[in-house]
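Trainee: Contents of target12.tsv (TSV, N, CA and C atoms) are given next:
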chain	number	residue	atom	x	y	z
A	1	MET	N	11.32	11.81	-15.91
A	1	MET	CA	10.55	11.10	-14.93
A	1	MET	C	10.20	11.99	-13.75
A	2	GLY	N	10.04	13.25	-13.91
A	2	GLY	CA	9.64	14.12	-12.82
A	2	GLY	C	10.81	14.42	-11.89
A	3	ASN	N	10.51	15.16	-10.83
A	3	ASN	CA	11.54	15.53	-9.87
A	3	ASN	C	11.49	14.58	-8.68
A	4	ARG	N	12.23	13.48	-8.78
A	4	ARG	CA	12.17	12.42	-7.76
A	4	ARG	C	12.83	12.84	-6.46
A	5	SER	N	13.54	13.95	-6.46
A	5	SER	CA	14.21	14.36	-5.23
A	5	SER	C	13.25	15.02	-4.25
A	6	GLN	N	12.04	15.32	-4.70
A	6	GLN	CA	11.07	15.95	-3.80
A	6	GLN	C	10.69	14.97	-2.69
A	7	GLU	N	10.64	15.49	-1.48
A	7	GLU	CA	10.25	14.67	-0.34
A	7	GLU	C	8.76	14.32	-0.43
A	8	LEU	N	8.41	13.20	0.16
A	8	LEU	CA	7.02	12.78	0.17
A	8	LEU	C	6.40	13.11	1.53
A	9	SER	N	5.14	13.51	1.49
A	9	SER	CA	4.40	13.73	2.73
A	9	SER	C	4.07	12.38	3.36
A	10	ARG	N	3.59	12.40	4.58
A	10	ARG	CA	3.21	11.17	5.27
A	10	ARG	C	2.17	10.40	4.45
A	11	ARG	N	1.17	11.10	3.97
A	11	ARG	CA	0.09	10.48	3.21
A	11	ARG	C	0.62	9.93	1.87
A	12	GLU	N	1.52	10.67	1.23
A	12	GLU	CA	2.10	10.19	-0.02
A	12	GLU	C	2.91	8.92	0.22
A	13	ARG	N	3.64	8.86	1.35
A	13	ARG	CA	4.39	7.64	1.68
A	13	ARG	C	3.43	6.48	1.92
A	14	GLN	N	2.31	6.74	2.58
A	14	GLN	CA	1.32	5.70	2.81
A	14	GLN	C	0.77	5.17	1.49
A	15	ILE	N	0.51	6.07	0.57
A	15	ILE	CA	0.00	5.67	-0.75
A	15	ILE	C	1.04	4.81	-1.46
A	16	MET	N	2.30	5.23	-1.43
A	16	MET	CA	3.36	4.47	-2.10
A	16	MET	C	3.51	3.09	-1.45
A	17	ASP	N	3.35	3.00	-0.13
A	17	ASP	CA	3.40	1.70	0.54
A	17	ASP	C	2.33	0.76	-0.01
A	18	VAL	N	1.12	1.28	-0.17
A	18	VAL	CA	0.02	0.47	-0.71
A	18	VAL	C	0.36	0.03	-2.13
A	19	ILE	N	0.81	0.96	-2.95
A	19	ILE	CA	1.13	0.63	-4.35
A	19	ILE	C	2.24	-0.42	-4.40
A	20	TYR	N	3.29	-0.26	-3.59
A	20	TYR	CA	4.38	-1.24	-3.59
A	20	TYR	C	3.90	-2.60	-3.10
A	21	GLN	N	3.04	-2.63	-2.09
A	21	GLN	CA	2.54	-3.91	-1.57
A	21	GLN	C	1.71	-4.64	-2.62
A	22	ARG	N	0.92	-3.90	-3.37
A	22	ARG	CA	0.02	-4.51	-4.36
A	22	ARG	C	0.63	-4.59	-5.75
A	23	GLU	N	1.70	-3.85	-5.99
A	23	GLU	CA	2.37	-3.73	-7.29
A	23	GLU	C	1.60	-2.84	-8.26
A	24	GLN	N	0.31	-2.75	-8.10
A	24	GLN	CA	-0.53	-1.84	-8.87
A	24	GLN	C	-1.85	-1.68	-8.13
A	25	ALA	N	-2.51	-0.55	-8.33
A	25	ALA	CA	-3.78	-0.33	-7.62
A	25	ALA	C	-4.54	0.82	-8.24
A	26	THR	N	-5.85	0.78	-8.06
A	26	THR	CA	-6.71	1.89	-8.45
A	26	THR	C	-6.81	2.86	-7.28
A	27	VAL	N	-7.38	4.03	-7.53
A	27	VAL	CA	-7.58	5.01	-6.46
A	27	VAL	C	-8.45	4.40	-5.35
A	28	GLY	N	-9.51	3.72	-5.73
A	28	GLY	CA	-10.41	3.11	-4.75
A	28	GLY	C	-9.71	2.07	-3.89
A	29	GLU	N	-8.85	1.25	-4.51
A	29	GLU	CA	-8.12	0.24	-3.75
A	29	GLU	C	-7.14	0.89	-2.77
A	30	VAL	N	-6.50	1.95	-3.21
A	30	VAL	CA	-5.59	2.67	-2.31
A	30	VAL	C	-6.37	3.28	-1.16
A	31	GLN	N	-7.50	3.92	-1.46
A	31	GLN	CA	-8.30	4.54	-0.41
A	31	GLN	C	-8.72	3.51	0.64
A	32	GLU	N	-9.16	2.33	0.19
A	32	GLU	CA	-9.59	1.28	1.12
A	32	GLU	C	-8.45	0.82	2.04
A	33	ALA	N	-7.22	0.86	1.54
A	33	ALA	CA	-6.08	0.34	2.29
A	33	ALA	C	-5.45	1.37	3.24
A	34	LEU	N	-5.80	2.65	3.08
A	34	LEU	CA	-5.19	3.69	3.90
A	34	LEU	C	-5.80	3.75	5.29
A	35	PRO	N	-4.96	4.01	6.30
A	35	PRO	CA	-5.51	4.23	7.64
A	35	PRO	C	-6.23	5.59	7.67
A	36	ASP	N	-7.37	5.65	8.33
A	36	ASP	CA	-8.14	6.88	8.43
A	36	ASP	C	-8.18	7.59	7.08
A	37	PRO	N	-8.76	6.92	6.06
A	37	PRO	CA	-8.63	7.42	4.69
A	37	PRO	C	-9.33	8.75	4.44
A	38	PRO	N	-8.68	9.59	3.64
A	38	PRO	CA	-9.34	10.82	3.20
A	38	PRO	C	-10.37	10.48	2.11
A	39	SER	N	-11.02	11.46	1.58
A	39	SER	CA	-12.04	11.24	0.54
A	39	SER	C	-11.39	10.67	-0.72
A	40	TYR	N	-12.22	10.07	-1.55
A	40	TYR	CA	-11.78	9.51	-2.83
A	40	TYR	C	-11.09	10.59	-3.66
A	41	SER	N	-11.69	11.77	-3.72
A	41	SER	CA	-11.11	12.84	-4.54
A	41	SER	C	-9.76	13.31	-3.99
A	42	SER	N	-9.59	13.27	-2.67
A	42	SER	CA	-8.30	13.64	-2.08
A	42	SER	C	-7.23	12.61	-2.45
A	43	VAL	N	-7.60	11.32	-2.37
A	43	VAL	CA	-6.64	10.26	-2.74
A	43	VAL	C	-6.28	10.40	-4.22
A	44	ARG	N	-7.28	10.63	-5.06
A	44	ARG	CA	-7.03	10.80	-6.50
A	44	ARG	C	-6.10	11.97	-6.75
A	45	ALA	N	-6.32	13.08	-6.04
A	45	ALA	CA	-5.45	14.25	-6.20
A	45	ALA	C	-4.02	13.95	-5.75
A	46	LEU	N	-3.88	13.27	-4.62
A	46	LEU	CA	-2.54	12.91	-4.13
A	46	LEU	C	-1.83	11.98	-5.10
A	47	MET	N	-2.56	11.05	-5.69
A	47	MET	CA	-1.94	10.13	-6.65
A	47	MET	C	-1.55	10.88	-7.92
A	48	GLY	N	-2.32	11.90	-8.28
A	48	GLY	CA	-1.93	12.75	-9.41
A	48	GLY	C	-0.65	13.51	-9.12
A	49	ILE	N	-0.52	13.98	-7.89
A	49	ILE	CA	0.71	14.68	-7.48
A	49	ILE	C	1.90	13.71	-7.52
A	50	LEU	N	1.70	12.48	-7.03
A	50	LEU	CA	2.76	11.49	-7.07
A	50	LEU	C	3.17	11.17	-8.51
A	51	GLU	N	2.21	11.21	-9.40
A	51	GLU	CA	2.53	11.00	-10.82
A	51	GLU	C	3.35	12.17	-11.35
A	52	GLU	N	2.96	13.39	-11.00
A	52	GLU	CA	3.72	14.58	-11.43
A	52	GLU	C	5.14	14.57	-10.87
A	53	LYS	N	5.29	14.07	-9.64
A	53	LYS	CA	6.62	14.00	-9.01
A	53	LYS	C	7.48	12.87	-9.59
A	54	GLY	N	6.85	12.00	-10.39
A	54	GLY	CA	7.61	10.92	-11.00
A	54	GLY	C	7.60	9.61	-10.24
A	55	TRP	N	6.76	9.48	-9.23
A	55	TRP	CA	6.70	8.25	-8.44
A	55	TRP	C	5.75	7.22	-9.02
A	56	LEU	N	4.69	7.68	-9.68
A	56	LEU	CA	3.67	6.78	-10.22
A	56	LEU	C	3.47	7.03	-11.71
A	57	LEU	N	2.94	6.02	-12.37
A	57	LEU	CA	2.41	6.18	-13.73
A	57	LEU	C	1.10	5.41	-13.77
A	58	HIS	N	0.27	5.71	-14.75
A	58	HIS	CA	-1.01	5.01	-14.81
A	58	HIS	C	-1.28	4.55	-16.23
A	59	GLU	N	-2.16	3.56	-16.31
A	59	GLU	CA	-2.71	3.17	-17.60
A	59	GLU	C	-4.21	3.05	-17.41
A	60	GLN	N	-4.93	3.31	-18.47
A	60	GLN	CA	-6.39	3.29	-18.39
A	60	GLN	C	-6.91	1.89	-18.67
A	61	ASP	N	-7.83	1.44	-17.84
A	61	ASP	CA	-8.50	0.16	-18.01
A	61	ASP	C	-9.99	0.45	-17.96
A	62	GLY	N	-10.58	0.65	-19.13
A	62	GLY	CA	-11.98	1.07	-19.18
A	62	GLY	C	-12.11	2.46	-18.60
A	63	ALA	N	-12.97	2.59	-17.59
A	63	ALA	CA	-13.20	3.90	-16.98
A	63	ALA	C	-12.26	4.18	-15.80
A	64	ARG	N	-11.41	3.22	-15.44
A	64	ARG	CA	-10.56	3.42	-14.27
A	64	ARG	C	-9.09	3.49	-14.66
A	65	TYR	N	-8.32	4.12	-13.78
A	65	TYR	CA	-6.88	4.21	-13.94
A	65	TYR	C	-6.24	3.20	-13.00
A	66	ILE	N	-5.25	2.50	-13.50
A	66	ILE	CA	-4.47	1.59	-12.68
A	66	ILE	C	-3.08	2.20	-12.55
A	67	TYR	N	-2.67	2.43	-11.31
A	67	TYR	CA	-1.39	3.08	-11.02
A	67	TYR	C	-0.33	2.04	-10.66
A	68	ARG	N	0.89	2.31	-11.11
A	68	ARG	CA	2.05	1.48	-10.81
A	68	ARG	C	3.21	2.39	-10.41
A	69	PRO	N	4.15	1.86	-9.62
A	69	PRO	CA	5.34	2.67	-9.31
A	69	PRO	C	6.23	2.79	-10.55
A	70	THR	N	6.97	3.86	-10.63
A	70	THR	CA	7.85	4.06	-11.78
A	70	THR	C	9.17	3.30	-11.64
A	71	GLN	N	9.47	2.86	-10.43
A	71	GLN	CA	10.69	2.07	-10.23
A	71	GLN	C	10.46	1.08	-9.11
A	72	PRO	N	11.25	0.02	-9.06
A	72	PRO	CA	11.09	-0.98	-8.00
A	72	PRO	C	11.33	-0.38	-6.62
A	73	ARG	N	10.69	-0.97	-5.63
A	73	ARG	CA	10.80	-0.49	-4.25
A	73	ARG	C	12.26	-0.43	-3.78
A	74	ALA	N	13.05	-1.45	-4.11
A	74	ALA	CA	14.46	-1.48	-3.66
A	74	ALA	C	15.23	-0.30	-4.22
A	75	SER	N	14.99	0.04	-5.48
A	75	SER	CA	15.67	1.18	-6.09
A	75	SER	C	15.27	2.49	-5.43
A	76	ALA	N	13.97	2.64	-5.17
A	76	ALA	CA	13.49	3.84	-4.48
A	76	ALA	C	14.07	3.91	-3.07
A	77	GLY	N	14.18	2.75	-2.42
A	77	GLY	CA	14.75	2.71	-1.08
A	77	GLY	C	16.20	3.13	-1.05
A	78	LYS	N	16.97	2.69	-2.03
A	78	LYS	CA	18.38	3.09	-2.10
A	78	LYS	C	18.51	4.60	-2.28
A	79	GLN	N	17.66	5.18	-3.11
A	79	GLN	CA	17.68	6.63	-3.30
A	79	GLN	C	17.30	7.35	-2.01
A	80	ALA	N	16.32	6.82	-1.29
A	80	ALA	CA	15.90	7.44	-0.04
A	80	ALA	C	17.02	7.37	1.01
A	81	ILE	N	17.69	6.24	1.08
A	81	ILE	CA	18.80	6.10	2.02
A	81	ILE	C	19.91	7.09	1.67
A	82	ALA	N	20.20	7.24	0.39
A	82	ALA	CA	21.24	8.19	-0.03
A	82	ALA	C	20.86	9.61	0.40
A	83	ARG	N	19.57	9.98	0.27
A	83	ARG	CA	19.13	11.31	0.70
A	83	ARG	C	19.26	11.48	2.21
A	84	VAL	N	18.90	10.44	2.97
A	84	VAL	CA	19.02	10.51	4.44
A	84	VAL	C	20.48	10.64	4.84
A	85	LEU	N	21.34	9.84	4.22
A	85	LEU	CA	22.77	9.93	4.52
A	85	LEU	C	23.29	11.34	4.27
A	86	HIS	N	22.93	11.90	3.14
A	86	HIS	CA	23.40	13.24	2.77
A	86	HIS	C	22.80	14.30	3.71
A	87	THR	N	21.49	14.24	3.93
A	87	THR	CA	20.79	15.28	4.68
A	87	THR	C	21.13	15.27	6.17
A	88	PHE	N	21.13	14.09	6.77
A	88	PHE	CA	21.26	14.01	8.23
A	88	PHE	C	22.65	13.62	8.73
A	89	TYR	N	23.45	13.00	7.88
A	89	TYR	CA	24.75	12.50	8.34
A	89	TYR	C	25.91	12.97	7.48
A	90	GLY	N	25.69	14.00	6.66
A	90	GLY	CA	26.75	14.55	5.83
A	90	GLY	C	27.41	13.51	4.96
A	91	GLY	N	26.67	12.49	4.56
A	91	GLY	CA	27.20	11.43	3.72
A	91	GLY	C	27.99	10.38	4.47
A	92	SER	N	28.05	10.46	5.79
A	92	SER	CA	28.85	9.53	6.59
A	92	SER	C	28.06	8.26	6.91
A	93	VAL	N	28.47	7.17	6.30
A	93	VAL	CA	27.85	5.88	6.57
A	93	VAL	C	28.09	5.48	8.02
A	94	GLU	N	29.31	5.78	8.52
A	94	GLU	CA	29.65	5.43	9.89
A	94	GLU	C	28.70	6.09	10.89
A	95	GLN	N	28.42	7.39	10.69
A	95	GLN	CA	27.51	8.09	11.60
A	95	GLN	C	26.10	7.52	11.51
A	96	ALA	N	25.66	7.17	10.31
A	96	ALA	CA	24.32	6.60	10.14
A	96	ALA	C	24.21	5.25	10.84
A	97	VAL	N	25.22	4.41	10.67
A	97	VAL	CA	25.20	3.10	11.33
A	97	VAL	C	25.24	3.27	12.85
A	98	ALA	N	26.07	4.20	13.33
A	98	ALA	CA	26.13	4.47	14.77
A	98	ALA	C	24.75	4.90	15.28
A	99	ALA	N	24.05	5.73	14.52
A	99	ALA	CA	22.71	6.17	14.92
A	99	ALA	C	21.74	4.99	14.97
A	100	LEU	N	21.84	4.09	14.00
A	100	LEU	CA	20.98	2.90	14.01
A	100	LEU	C	21.27	2.04	15.24
A	101	LEU	N	22.53	1.87	15.54
A	101	LEU	CA	22.90	1.06	16.70
A	101	LEU	C	22.43	1.69	18.00
A	102	GLU	N	22.50	3.02	18.09
A	102	GLU	CA	22.06	3.72	19.30
A	102	GLU	C	20.55	3.73	19.46
A	103	SER	N	19.83	3.85	18.34
A	103	SER	CA	18.39	4.03	18.43
A	103	SER	C	17.63	2.72	18.47
A	104	SER	N	18.27	1.64	18.17
A	104	SER	CA	17.55	0.37	18.12
A	104	SER	C	17.53	-0.29	19.49
A	105	ASP	N	16.66	-1.26	19.62
A	105	ASP	CA	16.61	-2.04	20.86
A	105	ASP	C	17.71	-3.10	20.86
A	106	GLY	N	18.61	-2.97	19.92
A	106	GLY	CA	19.68	-3.95	19.78
A	106	GLY	C	19.37	-4.88	18.63
A	107	PHE	N	20.37	-5.60	18.26
A	107	PHE	CA	20.23	-6.56	17.17
A	107	PHE	C	20.37	-7.96	17.72
A	108	THR	N	19.67	-8.89	17.11
A	108	THR	CA	19.83	-10.29	17.51
A	108	THR	C	21.18	-10.78	17.01
A	109	ASP	N	21.64	-11.89	17.56
A	109	ASP	CA	22.89	-12.48	17.11
A	109	ASP	C	22.81	-12.81	15.62
A	110	GLU	N	21.65	-13.30	15.18
A	110	GLU	CA	21.47	-13.65	13.77
A	110	GLU	C	21.59	-12.40	12.88
A	111	GLN	N	20.98	-11.30	13.31
A	111	GLN	CA	21.07	-10.06	12.53
A	111	GLN	C	22.52	-9.57	12.47
A	112	MET	N	23.23	-9.64	13.59
A	112	MET	CA	24.63	-9.22	13.61
A	112	MET	C	25.47	-10.09	12.68
A	113	MET	N	25.20	-11.39	12.64
A	113	MET	CA	25.93	-12.28	11.74
A	113	MET	C	25.62	-11.94	10.28
A	114	GLN	N	24.36	-11.63	9.98
A	114	GLN	CA	23.99	-11.26	8.61
A	114	GLN	C	24.67	-9.97	8.20
A	115	ILE	N	24.70	-8.99	9.09
A	115	ILE	CA	25.36	-7.71	8.81
A	115	ILE	C	26.85	-7.93	8.59
A	116	SER	N	27.48	-8.74	9.44
A	116	SER	CA	28.90	-9.05	9.28
A	116	SER	C	29.17	-9.74	7.95
A	117	ALA	N	28.28	-10.64	7.56
A	117	ALA	CA	28.44	-11.34	6.27
A	117	ALA	C	28.32	-10.36	5.10
A	118	LEU	N	27.40	-9.40	5.21
A	118	LEU	CA	27.25	-8.40	4.15
A	118	LEU	C	28.49	-7.52	4.04
A	119	ILE	N	29.07	-7.17	5.18
A	119	ILE	CA	30.29	-6.36	5.19
A	119	ILE	C	31.44	-7.16	4.56
A	120	ALA	N	31.57	-8.44	4.93
A	120	ALA	CA	32.62	-9.28	4.37
A	120	ALA	C	32.45	-9.43	2.86
A	121	GLN	N	31.22	-9.60	2.41
A	121	GLN	CA	30.96	-9.73	0.97
A	121	GLN	C	31.31	-8.44	0.24
A	122	ALA	N	30.97	-7.30	0.82
A	122	ALA	CA	31.30	-6.01	0.20
A	122	ALA	C	32.81	-5.84	0.08
A	123	ARG	N	33.54	-6.26	1.10
A	123	ARG	CA	35.01	-6.19	1.06
A	123	ARG	C	35.55	-7.04	-0.07
A	124	GLN	N	35.04	-8.26	-0.20
A	124	GLN	CA	35.51	-9.16	-1.25
A	124	GLN	C	35.24	-8.59	-2.64
A	125	GLU	N	34.12	-7.89	-2.77
A	125	GLU	CA	33.75	-7.31	-4.06
A	125	GLU	C	34.40	-5.96	-4.28
A	126	GLY	N	35.20	-5.51	-3.29
A	126	GLY	CA	35.90	-4.23	-3.44
A	126	GLY	C	35.04	-3.01	-3.27
A	127	ARG	N	33.93	-3.13	-2.54
A	127	ARG	CA	33.06	-1.98	-2.31
A	127	ARG	C	33.38	-1.31	-1.02
Please, can you express the file's structure as C-alpha cells?

Mentor:
Amino acid sequence: MGNRSQELSRRERQIMDVIYQREQATVGEVQEALPDPPSYSSVRALMGILEEKGWLLHEQDGARYIYRPTQPRASAGKQAIARVLHTFYGGSVEQAVAALLESSDGFTDEQMMQISALIAQARQEGR
C-alpha cells in the first residue's frame, strides 16, 4: 500500500480532507473544493502522488477517475497521532496531553467530563 509514513504537504492534506469529507471524488470535484485552487493538472498530479504514497486509490468511471481513501479517516488519524507522539514528544502521551492543555483556550466542563470518562473506560478495559 505504498509508503504511508511519508509526510503530506499542506496541499496534499487539503486534498485528503476533501476526499474524506466526500468519501470519493474526481479531480475536478477536489479542485472546486480547494481554497485558492491550483490548476486541474496540478491537482491531478498531486492526487497521483497521493496514490503512489498509498493514501488514495482510483477506479475508472467512463473517462473519469474516481478517487477514494485507502483507509478510513479514523485509522489514518490514529497513525498520524502516533507519528506526532513519536516525533515531537518522544512517545510520551503525558507530554502531548500537557501540550494540548497549554496550547488550548481551555476545555469546557463537558469536554473535561468526556475526557475523564474516556480515561475511566480505558482503565476498565486495561489500556

Trainee: As number ranges by chain, please: the residues near Gln24 (chain A) (cut-off 7 Å, all atoms listed in the file, same-chain neighbours under 3 positions excluded).

Mentor: A: 18-21, 66-69

Trainee: What does the distance from atom C of Ser39 (chain A) to CA of Arg22 (chain A) come to in Å, to one decimal?

Mentor: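 Computing it gives 19.3 Å between the two atoms.
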
Trainee: Quick check for you: according to DSSP on this backbone, which residues of chain A are classed as strand (DSSP E)? Reply as an mmCIF file with N, CA and C atoms, keeping the file's coordinate frame.

Mentor:
data_model
loop_
_atom_site.group_PDB
_atom_site.id
_atom_site.type_symbol
_atom_site.label_atom_id
_atom_site.label_comp_id
_atom_site.auth_asym_id
_atom_site.auth_seq_id
_atom_site.Cartn_x
_atom_site.Cartn_y
_atom_site.Cartn_z
ATOM 1 N N LEU A 56 4.690 7.680 -9.680
ATOM 2 C CA LEU A 56 3.670 6.780 -10.220
ATOM 3 C C LEU A 56 3.470 7.030 -11.710
ATOM 4 N N LEU A 57 2.940 6.020 -12.370
ATOM 5 C CA LEU A 57 2.410 6.180 -13.730
ATOM 6 C C LEU A 57 1.100 5.410 -13.770
ATOM 7 N N HIS A 58 0.270 5.710 -14.750
ATOM 8 C CA HIS A 58 -1.010 5.010 -14.810
ATOM 9 C C HIS A 58 -1.280 4.550 -16.230
ATOM 10 N N GLU A 59 -2.160 3.560 -16.310
ATOM 11 C CA GLU A 59 -2.710 3.170 -17.600
ATOM 12 C C GLU A 59 -4.210 3.050 -17.410
ATOM 13 N N GLN A 60 -4.930 3.310 -18.470
ATOM 14 C CA GLN A 60 -6.390 3.290 -18.390
ATOM 15 C C GLN A 60 -6.910 1.890 -18.670
ATOM 16 N N ASP A 61 -7.830 1.440 -17.840
ATOM 17 C CA ASP A 61 -8.500 0.160 -18.010
ATOM 18 C C ASP A 61 -9.990 0.450 -17.960
ATOM 19 N N ARG A 64 -11.410 3.220 -15.440
ATOM 20 C CA ARG A 64 -10.560 3.420 -14.270
ATOM 21 C C ARG A 64 -9.090 3.490 -14.660
ATOM 22 N N TYR A 65 -8.320 4.120 -13.780
ATOM 23 C CA TYR A 65 -6.880 4.210 -13.940
ATOM 24 C C TYR A 65 -6.240 3.200 -13.000
ATOM 25 N N ILE A 66 -5.250 2.500 -13.500
ATOM 26 C CA ILE A 66 -4.470 1.590 -12.680
ATOM 27 C C ILE A 66 -3.080 2.200 -12.550
ATOM 28 N N TYR A 67 -2.670 2.430 -11.310
ATOM 29 C CA TYR A 67 -1.390 3.080 -11.020
ATOM 30 C C TYR A 67 -0.330 2.040 -10.660
ATOM 31 N N ARG A 68 0.890 2.310 -11.110
ATOM 32 C CA ARG A 68 2.050 1.480 -10.810
ATOM 33 C C ARG A 68 3.210 2.390 -10.410
ATOM 34 N N PRO A 69 4.150 1.860 -9.620
ATOM 35 C CA PRO A 69 5.340 2.670 -9.310
ATOM 36 C C PRO A 69 6.230 2.790 -10.550
#

Trainee: Tell me, which residues of region 34-98 of chain A carry DSSP helix (DSSP H, G or I), written as an NGL selection string?

Mentor: :A and (40-52 or 73-89 or 93-98)

Trainee: Find the residue from A:Glu125, A:Phe88, A:Gln71, A:Ser103 that sits nearest to Gly54 (chain A); use only N, CA and C atoms when measuring.

Mentor: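 Distance minimum relative to Gly54 (chain A) lands on A:Gln71.
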
Trainee: Please measure the separation of CA of Ala76 (chain A) and atom N of Asp17 (chain A), giving the value in Å to one decimal.

Mentor: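 Interatomic distance, CA of Ala76 (chain A) to atom N of Asp17 (chain A): 11.1 Å.
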
Trainee: Find the distance between atom C of Thr26 (chain A) and atom C of Tyr65 (chain A) and write it in Å to one decimal.

Mentor: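 For atom C of Thr26 (chain A) relative to atom C of Tyr65 (chain A), the distance reads 5.8 Å.
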